[in-house]
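Enquirer: To start, I am sharing the structure in question, which I have written as structure tokens.
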Amino acid sequence: MDQKIFSGVGNKIRNEALYRAGIHPLSMIGKIPAAKITKLVNEVVKYAKLFNKELDTKGKNTSFAVYQQTYAADGSEVTMKVLPKSKRKLFYSEHKQKLYE
């Protein structure tokens with residue numbers, strides 16, 4: 001997702017929230033149903049809290065479902081793609097995350 005639209009959320013949280021919401025990171029924002037956008041916002045908040053809690057208690061994050069993983073939490077293969085302009089890495093499951101185009 002374009003940082004101009006999905007700004008303010010770190011790459012790790014973005015990858016994880018998109019996975020949890022079931023949205024493919026290369027989806028067109030205007031094609032994603034409103035209910036899915038609401039779910040995504042809720043997942044960003046939930047995962048950001050978990051992310052920060054783990055940093056506070058463990059000093060590192062271990063709750064990654066897709067970020068830097070070979071297999072997602074659901075057992076599906078994780079695809080990694082580098083965005084050409086920003087050089088940020090996308091981690092996603094073709095099986096679990098729907099592409100809206």
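Here's how to read the names in the structure tokens: chain A, B, ... by the order shown, residue numbers from 1 in each chain, ligand numbers from 1 in the order shown.
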Fewer than 4 positions away in the same chain doesn't count, so skip those; otherwise give me all residues within 6 Å of segment 32-45 of chain A, counting only C-alpha atoms, as a PyMOL selection string.

Expert: chain A and resi 17+21+100

Enquirer: Keeping N, CA and C atoms for every residue in the selection just given, could you write it to a file as a compact mmCIF listing (two decimals), in the first residue's frame?

Expert:
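New file selection-v6.txt:
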```
# COMPACT_ATOMS: atom_id res chain seq x y z
N ALA A 17 -0.61 -6.11 9.93
CA ALA A 17 -2.03 -5.70 9.94
C ALA A 17 -2.72 -6.09 8.64
N ALA A 21 -5.89 -8.60 8.40
CA ALA A 21 -7.13 -8.12 7.78
C ALA A 21 -7.47 -8.88 6.50
N TYR A 100 -7.32 -6.72 -4.21
CA TYR A 100 -8.43 -5.92 -4.73
C TYR A 100 -7.86 -5.04 -5.83
```

Enquirer: If we count only C-alpha atoms, what is near Asn15 of chain A at a cut-off of 8 Å, once residues fewer than 2 positions away on the same chain are taken out, given as a PyMOL selection string?

Expert: chain A and resi 11-13+17-19+25+66-67+90-92

Enquirer: Write out as a PyMOL selection string the residues lying within 12 Å of Val78 of chain A, counting only C-alpha atoms and excluding same-chain residues fewer than 2 positions away.

Expert: chain A and resi 15-16+19+24+64-76+80-81+90-97

Enquirer: Could you write out that same residue set with C-alpha atoms as a PDB file, in the first residue's frame?

Expert:
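New file result_6.pdb:
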```pdb
ATOM      1  CA  ASN A  15       2.720  -6.076   6.860  1.00  0.00           C
ATOM      2  CA  GLU A  16       1.203  -7.741   9.920  1.00  0.00           C
ATOM      3  CA  TYR A  19      -2.139 -10.066   6.833  1.00  0.00           C
ATOM      4  CA  HIS A  24      -3.055  -8.053  -0.215  1.00  0.00           C
ATOM      5  CA  PHE A  64       5.294 -11.892  13.386  1.00  0.00           C
ATOM      6  CA  ALA A  65       2.817 -13.851  11.280  1.00  0.00           C
ATOM      7  CA  VAL A  66       4.384 -12.863   7.927  1.00  0.00           C
ATOM      8  CA  TYR A  67       7.118 -10.264   8.433  1.00  0.00           C
ATOM      9  CA  GLN A  68      10.464 -11.905   7.561  1.00  0.00           C
ATOM     10  CA  GLN A  69       8.839 -15.344   7.723  1.00  0.00           C
ATOM     11  CA  THR A  70       9.084 -18.223   5.251  1.00  0.00           C
ATOM     12  CA  TYR A  71       5.626 -19.498   6.153  1.00  0.00           C
ATOM     13  CA  ALA A  72       2.704 -17.480   7.484  1.00  0.00           C
ATOM     14  CA  ALA A  73       0.904 -18.231  10.724  1.00  0.00           C
ATOM     15  CA  ASP A  74      -1.703 -20.183   8.720  1.00  0.00           C
ATOM     16  CA  GLY A  75       1.023 -22.371   7.164  1.00  0.00           C
ATOM     17  CA  SER A  76       0.869 -20.790   3.712  1.00  0.00           C
ATOM     18  CA  MET A  80       8.539 -11.171  -0.248  1.00  0.00           C
ATOM     19  CA  LYS A  81       8.598  -8.292  -2.707  1.00  0.00           C
ATOM     20  CA  LEU A  90       6.366  -6.489   1.530  1.00  0.00           C
ATOM     21  CA  PHE A  91       5.698  -9.844   3.160  1.00  0.00           C
ATOM     22  CA  TYR A  92       2.359 -11.445   2.369  1.00  0.00           C
ATOM     23  CA  SER A  93       0.422 -14.655   1.813  1.00  0.00           C
ATOM     24  CA  GLU A  94      -1.155 -15.078  -1.623  1.00  0.00           C
ATOM     25  CA  HIS A  95      -3.370 -17.718   0.001  1.00  0.00           C
ATOM     26  CA  LYS A  96      -4.803 -15.588   2.827  1.00  0.00           C
ATOM     27  CA  GLN A  97      -4.636 -12.025   1.485  1.00  0.00           C
TER      28      GLN A  97
END
```

Enquirer: Just list as number ranges by chain whatever in chain A DSSP marks as alpha helix (DSSP H).

Expert: A: 11-21, 34-58

Enquirer: Write out, as a short mmCIF file (atom, residue, chain, number, x, y, z; two decimals), in the first residue's frame, the residues just selected, with N, CA and C atoms.

Expert:
```cif
data_model
loop_
_atom_site.label_atom_id
_atom_site.label_comp_id
_atom_site.auth_asym_id
_atom_site.auth_seq_id
_atom_site.Cartn_x
_atom_site.Cartn_y
_atom_site.Cartn_z
N ASN A 11 6.69 -0.36 8.73
CA ASN A 11 6.64 -1.46 7.77
C ASN A 11 6.24 -2.78 8.42
N LYS A 12 6.76 -3.06 9.59
CA LYS A 12 6.43 -4.31 10.28
C LYS A 12 4.94 -4.36 10.61
N ILE A 13 4.45 -3.28 11.20
CA ILE A 13 3.04 -3.22 11.58
C ILE A 13 2.16 -3.27 10.34
N ARG A 14 2.55 -2.58 9.29
CA ARG A 14 1.77 -2.58 8.05
C ARG A 14 1.64 -4.00 7.50
N ASN A 15 2.76 -4.71 7.38
CA ASN A 15 2.72 -6.08 6.86
C ASN A 15 1.83 -6.98 7.71
N GLU A 16 1.97 -6.89 9.01
CA GLU A 16 1.20 -7.74 9.92
C GLU A 16 -0.28 -7.40 9.92
N ALA A 17 -0.61 -6.11 9.93
CA ALA A 17 -2.03 -5.70 9.94
C ALA A 17 -2.72 -6.09 8.64
N LEU A 18 -2.04 -5.93 7.52
CA LEU A 18 -2.62 -6.34 6.24
C LEU A 18 -2.88 -7.84 6.22
N TYR A 19 -1.95 -8.61 6.76
CA TYR A 19 -2.14 -10.07 6.83
C TYR A 19 -3.36 -10.40 7.69
N ARG A 20 -3.44 -9.80 8.86
CA ARG A 20 -4.53 -10.08 9.78
C ARG A 20 -5.89 -9.65 9.21
N ALA A 21 -5.89 -8.60 8.40
CA ALA A 21 -7.13 -8.12 7.78
C ALA A 21 -7.47 -8.88 6.50
N ALA A 34 -15.46 -1.14 2.22
CA ALA A 34 -15.43 -0.33 3.45
C ALA A 34 -15.26 -1.20 4.70
N ALA A 35 -15.94 -2.33 4.74
CA ALA A 35 -15.84 -3.22 5.91
C ALA A 35 -14.41 -3.73 6.09
N LYS A 36 -13.72 -3.98 4.98
CA LYS A 36 -12.32 -4.44 5.06
C LYS A 36 -11.39 -3.31 5.52
N ILE A 37 -11.68 -2.08 5.10
CA ILE A 37 -10.89 -0.93 5.55
C ILE A 37 -11.05 -0.77 7.06
N THR A 38 -12.28 -0.90 7.54
CA THR A 38 -12.54 -0.82 8.98
C THR A 38 -11.78 -1.91 9.72
N LYS A 39 -11.81 -3.13 9.17
CA LYS A 39 -11.07 -4.24 9.79
C LYS A 39 -9.58 -3.94 9.81
N LEU A 40 -9.06 -3.38 8.73
CA LEU A 40 -7.64 -3.04 8.65
C LEU A 40 -7.27 -2.02 9.73
N VAL A 41 -8.06 -0.99 9.87
CA VAL A 41 -7.79 0.03 10.89
C VAL A 41 -7.77 -0.62 12.28
N ASN A 42 -8.74 -1.47 12.55
CA ASN A 42 -8.79 -2.16 13.84
C ASN A 42 -7.58 -3.06 14.04
N GLU A 43 -7.14 -3.73 12.99
CA GLU A 43 -5.96 -4.61 13.08
C GLU A 43 -4.68 -3.81 13.30
N VAL A 44 -4.59 -2.64 12.69
CA VAL A 44 -3.41 -1.78 12.91
C VAL A 44 -3.33 -1.42 14.39
N VAL A 45 -4.44 -1.01 14.96
CA VAL A 45 -4.46 -0.61 16.38
C VAL A 45 -4.13 -1.81 17.27
N LYS A 46 -4.78 -2.95 17.02
CA LYS A 46 -4.53 -4.14 17.85
C LYS A 46 -3.08 -4.60 17.75
N TYR A 47 -2.56 -4.67 16.53
CA TYR A 47 -1.20 -5.16 16.38
C TYR A 47 -0.17 -4.16 16.91
N ALA A 48 -0.42 -2.88 16.75
CA ALA A 48 0.50 -1.86 17.28
C ALA A 48 0.60 -1.99 18.80
N LYS A 49 -0.51 -2.25 19.45
CA LYS A 49 -0.50 -2.44 20.91
C LYS A 49 0.30 -3.69 21.28
N LEU A 50 0.07 -4.79 20.56
CA LEU A 50 0.82 -6.02 20.80
C LEU A 50 2.31 -5.81 20.55
N PHE A 51 2.63 -5.16 19.46
CA PHE A 51 4.01 -4.86 19.08
C PHE A 51 4.71 -4.09 20.20
N ASN A 52 4.08 -3.03 20.68
CA ASN A 52 4.67 -2.21 21.75
C ASN A 52 4.76 -2.96 23.07
N LYS A 53 3.77 -3.77 23.37
CA LYS A 53 3.79 -4.55 24.61
C LYS A 53 4.96 -5.53 24.60
N GLU A 54 5.17 -6.20 23.46
CA GLU A 54 6.29 -7.13 23.35
C GLU A 54 7.63 -6.42 23.49
N LEU A 55 7.74 -5.24 22.91
CA LEU A 55 8.99 -4.48 23.05
C LEU A 55 9.24 -4.13 24.51
N ASP A 56 8.18 -3.79 25.22
CA ASP A 56 8.32 -3.42 26.63
C ASP A 56 8.70 -4.62 27.51
N THR A 57 8.13 -5.79 27.23
CA THR A 57 8.35 -6.94 28.10
C THR A 57 9.50 -7.84 27.68
N LYS A 58 9.73 -7.97 26.37
CA LYS A 58 10.76 -8.89 25.88
C LYS A 58 11.96 -8.19 25.25
#
```

Enquirer: Which of chain A counts as strand (DSSP E or B) under DSSP, as a list in words please?

Expert: Ile23, Tyr71, Glu77, Thr79, Met80, Lys81, Val82, Lys89, Leu90, Phe91, Tyr92 and Lys98 of chain A
